[in-house]
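S.K.: Here it is, the structure, as structure tokens.
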Amino acid sequence: MVVKVYGPAYGSPKRVLVCLFEKEVEFEAVDIDLFKGEHKQPDFLKLQPFGEVPLVQDGDYTLYESRAIIRYYAEKYKNQGTDLLGKTVEERGLVEQWLEVEAHNFHPAIYSLVINVLFAPLRGVPGDQKAIEESDEKLKKVLDIYEERLSKTKYLAGDFFSLADLGHLAFGHYLVNQTGRGNLVRERKHVSAWWDDISSRPSWKKVLELYKYPV
Ligand SMILES: N[C@@H](CCC(=O)N[C@@H](CS(=O)(=O)O)C(=O)NCC(=O)O)C(=O)O
């Protein structure tokens, strides 16, 4: 049964798509148009009660929350494709640590910028300037910590590419290319080199080629 991934155009689903490419898992992408509210239709809400993408259907097994999904596939296909979880329990601990850092420190700041800098104008409303300024400051602090870490190891969890790095691709792409704040990455030598390394992976290039962002 082929895995179905809903909402491929958007950021969080792209976190899942790049993981499935790395794990060499075949999937089918199902378009959902958020601007038309297709994610708020009863049939979709039955599967994803929060009305967000991604949603994954793998036979009778249904999963949402992109970070839960990538952990599931990294584990389920541990011996296939790229190892994304590390080889020891200590390495796995660091992968989980930096996955949480991305979810609770990096993502909220970049998500606020995407909403207020990119999406608000599309909806014909002004972005929240205070939220934008707060996000800028938060991102600077977060990326300073990344710079320190990446001055010691090539990737966030160590000297191996992992889910922790992969988890940054979808919204890091917005940060570097679409928010006018790519300088926050480029001004930090090790973060910049890390971004160039992880974003040049064939898996990520394939996601960008096949599944365009909405803006
Ligand atoms: N924590 C969730 C967040 C999912 C999420 O915010 N999805 C957005 C799309 S995107 O921001 O990831 O591009 C969404 O469906 N938004 C629809 C809505 O909020 O109405 C995850 O990681 O899966």
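Naming scheme: A, B, ... for chains in displayed order of the structure tokens; residues 1 onward per chain; ligands 1 onward as shown.
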Could you go through segment 80-189 of chain A and tell me which residues DSSP, when run on the backbone, assigns to helix (DSSP H, G or I), listing them as a PyMOL selection string?

M.R.: chain A and resi 89-122+129-150+163-166+169-177+183-186+189

S.K.: Report as number ranges by chain which protein, DNA and RNA residues come within 10 Å of ligand 1, using only C-alpha atoms and all ligand atoms.

M.R.: A: 6-16, 32-35, 37-40, 48, 50-55, 63-70, 103, 107, 111-112, 114-115, 167, 170-171, 213-214

S.K.: Skipping near chain neighbours, those fewer than 2 positions away, what residues fall within 12 Å of Ser192 of chain A using only C-alpha atoms, listed as a ChimeraX atom specification?

M.R.: /A:143-144,146-147,150-151,154-155,172,175-176,182-190,194-199

S.K.: Could you list, with a cut-off of 10 Å and counting only C-alpha atoms, the residues of segment 35-146 of chain A near segment 19-23 of chain A, each shown with its nearest atom pair and the distance in Å rounded to one decimal, rows sorted by chain and ascending number, as a tab-separated table?

M.R.:
residue	atom	partner	partner_atom	distance
A:Ile69	CA	A:Cys19	CA	9.1
A:Ile70	CA	A:Cys19	CA	6.1
A:Arg71	CA	A:Cys19	CA	9.1
A:Tyr73	CA	A:Leu20	CA	7.3
A:Ala74	CA	A:Lys23	CA	7.0
A:Glu75	CA	A:Lys23	CA	9.9
A:Lys76	CA	A:Lys23	CA	9.6
A:Tyr77	CA	A:Lys23	CA	6.6
A:Lys78	CA	A:Lys23	CA	8.1
A:Asn79	CA	A:Lys23	CA	8.8
A:Gln80	CA	A:Lys23	CA	5.8
A:Gly81	CA	A:Lys23	CA	4.2
A:Thr82	CA	A:Glu22	CA	5.6
A:Asp83	CA	A:Lys23	CA	7.9
A:Leu84	CA	A:Glu22	CA	8.5

S.K.: Next, write the just-selected residues to a file, as a PDB file, in the first residue's frame, keeping N, CA and C atoms as the atom set.

M.R.:
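result27.pdb, written as the output of this step:
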ATOM      1  N   ILE A  69       5.542  12.016  12.447  1.00  0.00           N
ATOM      2  CA  ILE A  69       5.563  11.225  11.209  1.00  0.00           C
ATOM      3  C   ILE A  69       7.011  10.905  10.803  1.00  0.00           C
ATOM      4  N   ILE A  70       7.891  11.911  10.869  1.00  0.00           N
ATOM      5  CA  ILE A  70       9.271  11.618  10.419  1.00  0.00           C
ATOM      6  C   ILE A  70       9.973  10.674  11.389  1.00  0.00           C
ATOM      7  N   ARG A  71       9.648  10.791  12.693  1.00  0.00           N
ATOM      8  CA  ARG A  71      10.220   9.837  13.665  1.00  0.00           C
ATOM      9  C   ARG A  71       9.719   8.417  13.354  1.00  0.00           C
ATOM     10  N   TYR A  73       8.709   7.098  10.444  1.00  0.00           N
ATOM     11  CA  TYR A  73       9.319   6.496   9.248  1.00  0.00           C
ATOM     12  C   TYR A  73      10.819   6.273   9.409  1.00  0.00           C
ATOM     13  N   ALA A  74      11.469   7.138  10.170  1.00  0.00           N
ATOM     14  CA  ALA A  74      12.913   6.931  10.421  1.00  0.00           C
ATOM     15  C   ALA A  74      13.125   5.641  11.199  1.00  0.00           C
ATOM     16  N   GLU A  75      12.163   5.346  12.114  1.00  0.00           N
ATOM     17  CA  GLU A  75      12.240   4.116  12.919  1.00  0.00           C
ATOM     18  C   GLU A  75      11.787   2.899  12.106  1.00  0.00           C
ATOM     19  N   LYS A  76      10.634   3.038  11.441  1.00  0.00           N
ATOM     20  CA  LYS A  76      10.053   1.909  10.698  1.00  0.00           C
ATOM     21  C   LYS A  76      11.009   1.400   9.619  1.00  0.00           C
ATOM     22  N   TYR A  77      11.712   2.334   8.991  1.00  0.00           N
ATOM     23  CA  TYR A  77      12.636   1.941   7.904  1.00  0.00           C
ATOM     24  C   TYR A  77      14.080   2.188   8.322  1.00  0.00           C
ATOM     25  N   LYS A  78      14.369   1.830   9.574  1.00  0.00           N
ATOM     26  CA  LYS A  78      15.702   2.106  10.158  1.00  0.00           C
ATOM     27  C   LYS A  78      16.826   1.549   9.281  1.00  0.00           C
ATOM     28  N   ASN A  79      16.580   0.387   8.696  1.00  0.00           N
ATOM     29  CA  ASN A  79      17.654  -0.269   7.920  1.00  0.00           C
ATOM     30  C   ASN A  79      17.544  -0.010   6.423  1.00  0.00           C
ATOM     31  N   GLN A  80      16.846   1.073   6.062  1.00  0.00           N
ATOM     32  CA  GLN A  80      16.669   1.400   4.641  1.00  0.00           C
ATOM     33  C   GLN A  80      17.004   2.866   4.408  1.00  0.00           C
ATOM     34  N   GLY A  81      17.677   3.162   3.340  1.00  0.00           N
ATOM     35  CA  GLY A  81      17.983   4.567   3.035  1.00  0.00           C
ATOM     36  C   GLY A  81      18.950   5.160   4.041  1.00  0.00           C
ATOM     37  N   THR A  82      18.895   6.468   4.229  1.00  0.00           N
ATOM     38  CA  THR A  82      19.824   7.170   5.111  1.00  0.00           C
ATOM     39  C   THR A  82      19.471   6.901   6.574  1.00  0.00           C
ATOM     40  N   ASP A  83      20.495   6.576   7.400  1.00  0.00           N
ATOM     41  CA  ASP A  83      20.243   6.453   8.840  1.00  0.00           C
ATOM     42  C   ASP A  83      20.046   7.867   9.397  1.00  0.00           C
ATOM     43  N   LEU A  84      18.898   8.136   9.977  1.00  0.00           N
ATOM     44  CA  LEU A  84      18.582   9.508  10.430  1.00  0.00           C
ATOM     45  C   LEU A  84      18.508   9.614  11.949  1.00  0.00           C
TER      46      LEU A  84
END

S.K.: Provide the atom CA of Asn177 of chain A to atom CA of Lys141 of chain A distance in Å, to one decimal place.

M.R.: 19.8 Å

S.K.: Report as an MDAnalysis selection string: the residues of segment 34-131 of chain A with a DSSP assignment of strand (DSSP E), based on the backbone of this structure.

M.R.: chainID A and resid 55:58 61:64

S.K.: Excluding same-chain residues fewer than 3 positions from Glu96 of chain A, what lies within 9 Å of it counting only C-alpha atoms, as a PyMOL selection string?

M.R.: chain A and resi 85+91-93+99-101+157+163-164

S.K.: Suppose we keep all heavy atoms; can you now write the selection as a compact mmCIF listing (two decimals), in the first residue's frame?

M.R.:
# COMPACT_ATOMS: atom_id res chain seq x y z
N LEU A 85 18.76 8.51 12.65
CA LEU A 85 18.55 8.49 14.11
C LEU A 85 19.82 8.27 14.92
O LEU A 85 19.77 8.22 16.14
CB LEU A 85 17.54 7.38 14.45
CG LEU A 85 16.12 7.58 13.89
CD1 LEU A 85 15.27 6.33 14.14
CD2 LEU A 85 15.48 8.81 14.49
N GLU A 91 23.69 9.12 20.73
CA GLU A 91 23.45 9.89 19.50
C GLU A 91 21.95 10.15 19.32
O GLU A 91 21.54 11.24 18.96
CB GLU A 91 24.03 9.14 18.28
CG GLU A 91 25.55 9.14 18.22
CD GLU A 91 26.09 8.47 16.97
OE1 GLU A 91 25.31 7.83 16.22
OE2 GLU A 91 27.31 8.59 16.72
N ARG A 92 21.15 9.13 19.60
CA ARG A 92 19.70 9.30 19.48
C ARG A 92 19.20 10.39 20.43
O ARG A 92 18.35 11.23 20.07
CB ARG A 92 18.97 7.99 19.79
CG ARG A 92 17.44 8.08 19.73
CD ARG A 92 16.92 8.38 18.35
NE ARG A 92 15.47 8.48 18.27
CZ ARG A 92 14.67 7.45 18.01
NH1 ARG A 92 15.19 6.24 17.81
NH2 ARG A 92 13.36 7.61 17.96
N GLY A 93 19.79 10.44 21.62
CA GLY A 93 19.41 11.49 22.57
C GLY A 93 19.65 12.87 22.01
O GLY A 93 18.82 13.77 22.14
N LEU A 99 15.82 17.96 17.67
CA LEU A 99 14.46 17.96 17.08
C LEU A 99 13.55 18.83 17.94
O LEU A 99 12.74 19.62 17.44
CB LEU A 99 13.90 16.53 17.04
CG LEU A 99 14.13 15.70 15.79
CD1 LEU A 99 13.73 14.26 16.04
CD2 LEU A 99 13.36 16.26 14.60
N GLU A 100 13.70 18.72 19.25
CA GLU A 100 12.88 19.53 20.16
C GLU A 100 13.28 21.00 20.09
O GLU A 100 12.43 21.89 20.15
CB GLU A 100 13.02 19.01 21.60
CG GLU A 100 12.42 17.62 21.83
CD GLU A 100 10.93 17.58 21.51
OE1 GLU A 100 10.17 18.35 22.13
OE2 GLU A 100 10.55 16.82 20.60
N VAL A 101 14.58 21.25 19.95
CA VAL A 101 15.03 22.65 19.82
C VAL A 101 14.39 23.27 18.57
O VAL A 101 13.88 24.40 18.59
CB VAL A 101 16.58 22.72 19.73
CG1 VAL A 101 17.03 24.10 19.25
CG2 VAL A 101 17.21 22.39 21.08
N ALA A 157 23.32 17.06 15.65
CA ALA A 157 23.42 15.99 16.65
C ALA A 157 24.84 15.40 16.71
O ALA A 157 25.13 14.55 17.56
CB ALA A 157 22.41 14.88 16.35
N LEU A 163 17.66 13.41 11.54
CA LEU A 163 16.31 14.00 11.53
C LEU A 163 16.35 15.44 12.04
O LEU A 163 15.58 16.28 11.61
CB LEU A 163 15.37 13.21 12.44
CG LEU A 163 14.59 12.02 11.90
CD1 LEU A 163 13.53 11.62 12.90
CD2 LEU A 163 14.01 12.28 10.52
N ALA A 164 17.27 15.71 12.97
CA ALA A 164 17.35 17.06 13.56
C ALA A 164 17.68 18.10 12.49
O ALA A 164 17.07 19.17 12.43
CB ALA A 164 18.40 17.09 14.67

S.K.: What does the structure give for the distance between atom CA of Phe161 of chain A and atom CA of Met1 of chain A, in Å to one decimal?

M.R.: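 Rounded to one decimal, the two atoms are 28.6 Å apart.
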